[in-house]
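Visitor: Structure below; questions to follow.
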Amino acid sequence: MDMTNYLPTLSIETSDNICGACVYFDDTKYFTSKVILKHSHSEKLFEVINLVMKQAELDFSEIKSIAVSAGPGSFTGLRIGMAAAKGMAQSLSIPIITVPTFEALALQISNYLPENSSFIISNKVGKDDLYFAKFQINSNNFIFQTELKIIQKADFPKLSNNQLIFGNVNENKSQENLLSKTISAPDPEFVAKWAAINGDGKLIFDFDYLEPNYLKEFLVKEKKL
Amino acid sequence: MIVLGIESSCDETSVAILKDDKLTANLIASQDFHTNYGGVVPELSSRAHLQIINPLVKSALKKSNIELNNVDLIAATAGPGLIGALLVGLTYAKGLALTSNKSFIGVNHIEGHIFSGFLMQQKPEFPFLSLVVSGGHTLLLLVNNFTEIYKLGSTVDDAVGEAFDKVAKLLGLGYPGGPKIQNAALQGNADKIDFPVSDLKQKLNFSFSGLKTAVLRYVQSQGGVDKLSIQNKNDIAASFQVAAVKALTRNVKRALELYEVKTISVVGGVAANAYLKSEITKLAEKYKKNVVIPDLQFCGDNAAMIAFRGKSLYENGVRDTLSCKPFPSLSENHFLEI
């Protein structure tokens, strides 16, 4: 399946602090909007979508696919994005593309860094663990140096020594690199762009039981009565 | 008018379609895996809602022989309930409504229950007395019409369904507590133990935490739950059930003395309790009132009541935007004060 037949795509980003959407035709034509406001993704998402649709002067019937930032990230945030994506894709009879959140963010970061430089993206999971991946810029794109995984917080200093670090792991820490502090989720246009680049063969038409990439299994802890 | 209703406030995902006054689908997917944990695990509940919601909507449309295009209104539960669970159904519903250009209403789950009697053949007549009894709520309300609801009383601590759950857990009967207690009570002697029914300053309010503690003390006085025979447990369950139901019916009786109503309607999960039903029916006969207690499929959490409530609001001119927020609990002043 050729991805060009499934553009424009409507992308959704709700995995972390950003609530955003983008109507994306190609790299020279897209309409994007985001808000950063905690605990309001479900309220703001549709305002943001309406805004970009209006800017693009498009009717929903002209949208060919939904690209949703699929994780890892906040469980609730990911579900908001996925639930909205399912509702819209079902009503429009169009496919969903699940975009790996860290790869979309790496794609965004690779715009700003020189060839061969490497960097880490790490976001908090719970109290003691982190999502972690290491990337290297390679001919205007990125490659994984370390696959996405969950690590113990205690192991982070060792794994990130002397590296450029992005993600909310930096929060409350003074870091020399100001840019890195502010980025823990991709902008919606990079979610869309990842889909436009990688969407071939990744279009999901039967999304009935589709889930976000929670990455972390949920373990129920025993609570005393 | 065709309404698509979606409910995901706790451990049931449900989708219903109401075509004019006819319910053409009311599909309910229950998450039975929570029984392993002795209660609903919010994260697992949210994950399960997201998996089942789309197939359920497709099945409901198919069963009703309706296309999404023909739907006029999409109504989804906005609260109260588990936020993570609510967000799934609500956000999915908004996505559907936005792209199919349908009206949208975020429905209050408790209001859904209050009017669930209208899904029955014999419907409540206004004004009616509504007793809402569930795992999260215990409310006594005077309902004058679809938009005028007065709060007469509510629980000051535990909800009655919560008391059933806690006592069932205490007795090692398992979860959910309602049916477990009811079954045990059938084999028990309700006169065995005299559990207290608390009387509050506000005569129409309820309290169940004292009753729960009394059961706990009694079990302790018998040497703990491990020392109890099955008959002991059945007797405790029966005695507890009588006390809990007495607390409810006593306040209904008081309200009937104070307010002129045509119908008594008991709704919510605990309305499935057979003993409560029979006691309310006796009371209604005495006061010459109609009784409406919804069928089992409308007592528990279901989307039919959400669709119906959405429709009644729509017909009263209500519309919500897609910025409608989910909410975890009922605000103190949600209902009118008398």
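For the structure tokens, the naming scheme is as follows: chains receive sequential letters (A, B, ...) according to their order of presentation, residues are indexed from 1 within each chain, and ligands are indexed from 1 in presentation order.
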Env of range 16-33 of chain B: 6 Å cut, atoms = only C-alpha atoms, seq-sep filter 2 positions within chain, self excluded. Answer as a count of residues only.

Guide: 15

Visitor: What are the closest atom pairs, with distances in Å to one decimal, for all residues of chain A lying within 8 Å of chain B? Consider only C-alpha atoms, order rows by chain and residue number, and present the result as CSV.

Guide:
residue,atom,partner,partner_atom,distance
A:Ser42,CA,B:Thr91,CA,6.2
A:Glu43,CA,B:Ser323,CA,4.1
A:Lys44,CA,B:Ser323,CA,6.3
A:Phe46,CA,B:Leu322,CA,6.3
A:Glu47,CA,B:Ser323,CA,7.1
A:Phe60,CA,B:Thr99,CA,6.0
A:Thr76,CA,B:Gly84,CA,6.1
A:Arg79,CA,B:Val88,CA,6.5
A:Ile80,CA,B:Thr91,CA,6.2
A:Met82,CA,B:Leu50,CA,8.0
A:Ala83,CA,B:Tyr92,CA,4.6
A:Ala84,CA,B:Gly95,CA,4.8
A:Ala85,CA,B:Gly95,CA,6.9
A:Lys86,CA,B:Tyr92,CA,6.6
A:Gly87,CA,B:Leu96,CA,4.5
A:Met88,CA,B:Gly95,CA,4.7
A:Gln90,CA,B:Leu96,CA,7.3
A:Ser91,CA,B:Leu96,CA,5.7
A:Leu92,CA,B:Thr99,CA,6.8
A:Asp208,CA,B:Asn54,CA,5.5
A:Tyr209,CA,B:Gln51,CA,4.6
A:Leu210,CA,B:Gln51,CA,6.4
A:Glu211,CA,B:Gln51,CA,6.7
A:Phe218,CA,B:Leu44,CA,7.6
A:Val220,CA,B:Val41,CA,7.6
A:Glu222,CA,B:Tyr37,CA,8.0

Visitor: I'd like the neighbourhood of Ser312 in chain B as a list of chain:residue names, where a residue qualifies if any of its atoms comes within 7 Å (using only C-alpha atoms), though same-chain residues fewer than 4 positions away should be ignored.

Guide: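 The filter keeps B:Phe146, B:Phe308, B:Asn316.
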
Visitor: Go ahead and save the picked residues with all heavy atoms, as a tab-separated table (two decimals), in the first residue's frame.

Guide:
chain	number	residue	atom	x	y	z
B	146	PHE	N	-37.85	16.06	33.66
B	146	PHE	CA	-36.53	15.64	33.17
B	146	PHE	C	-35.39	16.60	33.53
B	146	PHE	O	-34.23	16.27	33.39
B	146	PHE	CB	-36.56	15.42	31.66
B	146	PHE	CG	-37.19	14.13	31.27
B	146	PHE	CD1	-38.33	14.10	30.47
B	146	PHE	CD2	-36.66	12.92	31.71
B	146	PHE	CE1	-38.92	12.90	30.11
B	146	PHE	CE2	-37.24	11.71	31.37
B	146	PHE	CZ	-38.38	11.70	30.57
B	308	PHE	N	-30.96	7.05	26.67
B	308	PHE	CA	-32.25	7.65	27.02
B	308	PHE	C	-32.09	9.02	27.66
B	308	PHE	O	-32.80	9.98	27.34
B	308	PHE	CB	-33.06	6.73	27.95
B	308	PHE	CG	-34.39	7.32	28.28
B	308	PHE	CD1	-35.47	7.18	27.41
B	308	PHE	CD2	-34.56	8.10	29.43
B	308	PHE	CE1	-36.69	7.79	27.68
B	308	PHE	CE2	-35.78	8.71	29.71
B	308	PHE	CZ	-36.85	8.55	28.83
B	316	ASN	N	-34.83	18.61	25.52
B	316	ASN	CA	-34.98	19.83	26.32
B	316	ASN	C	-33.98	20.91	25.91
B	316	ASN	O	-33.73	21.86	26.66
B	316	ASN	CB	-34.82	19.50	27.81
B	316	ASN	CG	-36.11	18.97	28.40
B	316	ASN	OD1	-37.03	19.72	28.69
B	316	ASN	ND2	-36.20	17.66	28.53

Visitor: May I have the residues within 9 Å of range 177-191 of chain B as an MDAnalysis selection string, using only C-alpha atoms and disregarding those fewer than 5 positions away in the same chain?

Guide: chainID B and resid 161:169 230:242 269:270 272:275

Visitor: Taking N, CA and C atoms for each residue, export the selection above as a compact mmCIF listing (two decimals), in the first residue's frame.

Guide:
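Contents of selection-v7.txt, as written:
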# COMPACT_ATOMS: atom_id res chain seq x y z
N GLY B 161 -23.93 -0.03 48.21
CA GLY B 161 -23.29 -1.11 47.45
C GLY B 161 -21.88 -1.39 47.95
N GLU B 162 -21.23 -0.32 48.39
CA GLU B 162 -19.89 -0.43 48.96
C GLU B 162 -19.95 -1.26 50.25
N ALA B 163 -20.99 -1.03 51.05
CA ALA B 163 -21.17 -1.79 52.29
C ALA B 163 -21.36 -3.28 51.97
N PHE B 164 -22.14 -3.57 50.94
CA PHE B 164 -22.32 -4.97 50.51
C PHE B 164 -20.97 -5.57 50.12
N ASP B 165 -20.20 -4.81 49.33
CA ASP B 165 -18.89 -5.31 48.88
C ASP B 165 -17.95 -5.56 50.05
N LYS B 166 -17.92 -4.60 50.98
CA LYS B 166 -16.99 -4.71 52.10
C LYS B 166 -17.36 -5.86 53.03
N VAL B 167 -18.65 -6.01 53.27
CA VAL B 167 -19.09 -7.09 54.16
C VAL B 167 -18.83 -8.45 53.49
N ALA B 168 -19.07 -8.52 52.19
CA ALA B 168 -18.81 -9.78 51.46
C ALA B 168 -17.33 -10.13 51.55
N LYS B 169 -16.48 -9.13 51.44
CA LYS B 169 -15.04 -9.35 51.51
C LYS B 169 -14.65 -9.81 52.92
N ILE B 230 -20.22 -22.02 57.81
CA ILE B 230 -20.98 -21.49 56.67
C ILE B 230 -22.32 -20.94 57.15
N GLN B 231 -22.95 -21.65 58.10
CA GLN B 231 -24.23 -21.17 58.62
C GLN B 231 -24.07 -19.82 59.32
N ASN B 232 -23.00 -19.69 60.10
CA ASN B 232 -22.71 -18.39 60.75
C ASN B 232 -22.65 -17.28 59.71
N LYS B 233 -21.89 -17.54 58.66
CA LYS B 233 -21.73 -16.53 57.61
C LYS B 233 -23.06 -16.18 56.97
N ASN B 234 -23.84 -17.21 56.70
CA ASN B 234 -25.16 -16.97 56.09
C ASN B 234 -26.04 -16.13 57.01
N ASP B 235 -25.98 -16.40 58.30
CA ASP B 235 -26.78 -15.64 59.26
C ASP B 235 -26.32 -14.17 59.30
N ILE B 236 -25.00 -13.98 59.28
CA ILE B 236 -24.48 -12.62 59.29
C ILE B 236 -24.92 -11.89 58.02
N ALA B 237 -24.81 -12.57 56.88
CA ALA B 237 -25.21 -11.96 55.60
C ALA B 237 -26.68 -11.57 55.63
N ALA B 238 -27.51 -12.47 56.12
CA ALA B 238 -28.97 -12.21 56.17
C ALA B 238 -29.28 -11.05 57.12
N SER B 239 -28.63 -11.04 58.27
CA SER B 239 -28.88 -9.98 59.25
C SER B 239 -28.39 -8.63 58.74
N PHE B 240 -27.24 -8.66 58.07
CA PHE B 240 -26.71 -7.42 57.48
C PHE B 240 -27.65 -6.90 56.41
N GLN B 241 -28.09 -7.79 55.53
CA GLN B 241 -28.97 -7.38 54.43
C GLN B 241 -30.25 -6.73 54.95
N VAL B 242 -30.82 -7.33 56.00
CA VAL B 242 -32.04 -6.77 56.58
C VAL B 242 -31.78 -5.35 57.11
N GLY B 269 -27.20 -0.58 40.75
CA GLY B 269 -26.83 -1.99 40.90
C GLY B 269 -27.53 -2.70 42.05
N VAL B 270 -27.71 -2.01 43.18
CA VAL B 270 -28.30 -2.65 44.36
C VAL B 270 -29.81 -2.87 44.17
N ALA B 272 -30.99 -4.56 42.07
CA ALA B 272 -31.13 -5.95 41.66
C ALA B 272 -31.37 -6.86 42.88
N ASN B 273 -31.19 -6.32 44.08
CA ASN B 273 -31.37 -7.12 45.30
C ASN B 273 -32.86 -7.46 45.52
N ALA B 274 -33.14 -8.74 45.58
CA ALA B 274 -34.53 -9.20 45.64
C ALA B 274 -35.23 -8.78 46.93
N TYR B 275 -34.49 -8.80 48.03
CA TYR B 275 -35.09 -8.44 49.30
C TYR B 275 -35.46 -6.94 49.32

Visitor: In range 112-310 of chain B, what's strand (DSSP E or B) per DSSP? Answer as a ChimeraX atom specification?

Guide: /B:128-133,138-145,148-155,206,263-267,290-292

Visitor: Generate the output file for the selected residues, C-alpha atoms, as a compact mmCIF listing (two decimals), in the first residue's frame.

Guide:
# COMPACT_ATOMS: atom_id res chain seq x y z
CA PHE B 128 -41.49 10.41 41.38
CA LEU B 129 -39.29 9.41 44.25
CA SER B 130 -35.98 8.00 43.08
CA LEU B 131 -33.77 5.84 45.28
CA VAL B 132 -30.34 5.49 43.65
CA VAL B 133 -28.43 2.60 45.16
CA THR B 138 -26.87 6.25 47.78
CA LEU B 139 -29.28 9.05 46.97
CA LEU B 140 -32.90 9.82 47.64
CA LEU B 141 -34.31 12.25 45.09
CA LEU B 142 -37.54 13.95 44.18
CA VAL B 143 -37.85 14.08 40.40
CA ASN B 144 -40.41 16.58 39.11
CA ASN B 145 -39.53 16.31 35.42
CA GLU B 148 -35.84 19.35 37.83
CA ILE B 149 -34.28 16.96 40.34
CA TYR B 150 -34.21 17.68 44.08
CA LYS B 151 -31.87 15.95 46.48
CA LEU B 152 -33.66 14.81 49.62
CA GLY B 153 -30.93 12.72 51.14
CA SER B 154 -27.62 10.99 50.49
CA THR B 155 -25.09 8.89 52.31
CA PHE B 206 -28.00 7.53 55.10
CA THR B 263 -44.15 6.55 41.64
CA ILE B 264 -41.28 5.07 43.61
CA SER B 265 -38.34 4.09 41.41
CA VAL B 266 -35.35 2.17 42.72
CA VAL B 267 -32.35 2.20 40.40
CA ASN B 290 -46.55 2.61 41.60
CA VAL B 291 -43.16 0.95 41.77
CA VAL B 292 -40.70 0.97 38.91

Visitor: Nearest to Lys282 in chain B among B:Val252, B:Leu173, B:Met305, B:Cys299, with distances taken over only C-alpha atoms: which residue is it?

Guide: B:Val252

Visitor: Could you work out how far CA of Gly73 in chain A lies from CA of Ile183 in chain A, giving the answer in Å with one decimal?

Guide: 13.1 Å

Visitor: Just list as a PyMOL selection string whatever in range 106-194 of chain A DSSP marks as helix (DSSP H, G or I).

Guide: chain A and resi 106-110+153-160+168-170+178-182+188-194

Visitor: Which value, in Å to one decimal, gives the distance between CA of Asp158 in chain B and CA of Asn251 in chain B?

Guide: 16.1 Å

Visitor: Work out how far CA of Asp27 in chain A is from CA of Ser61 in chain A, in Å to one decimal.

Guide: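 Value for the CA of Ser61 in chain A-CA of Asp27 in chain A distance: 21.6 Å.
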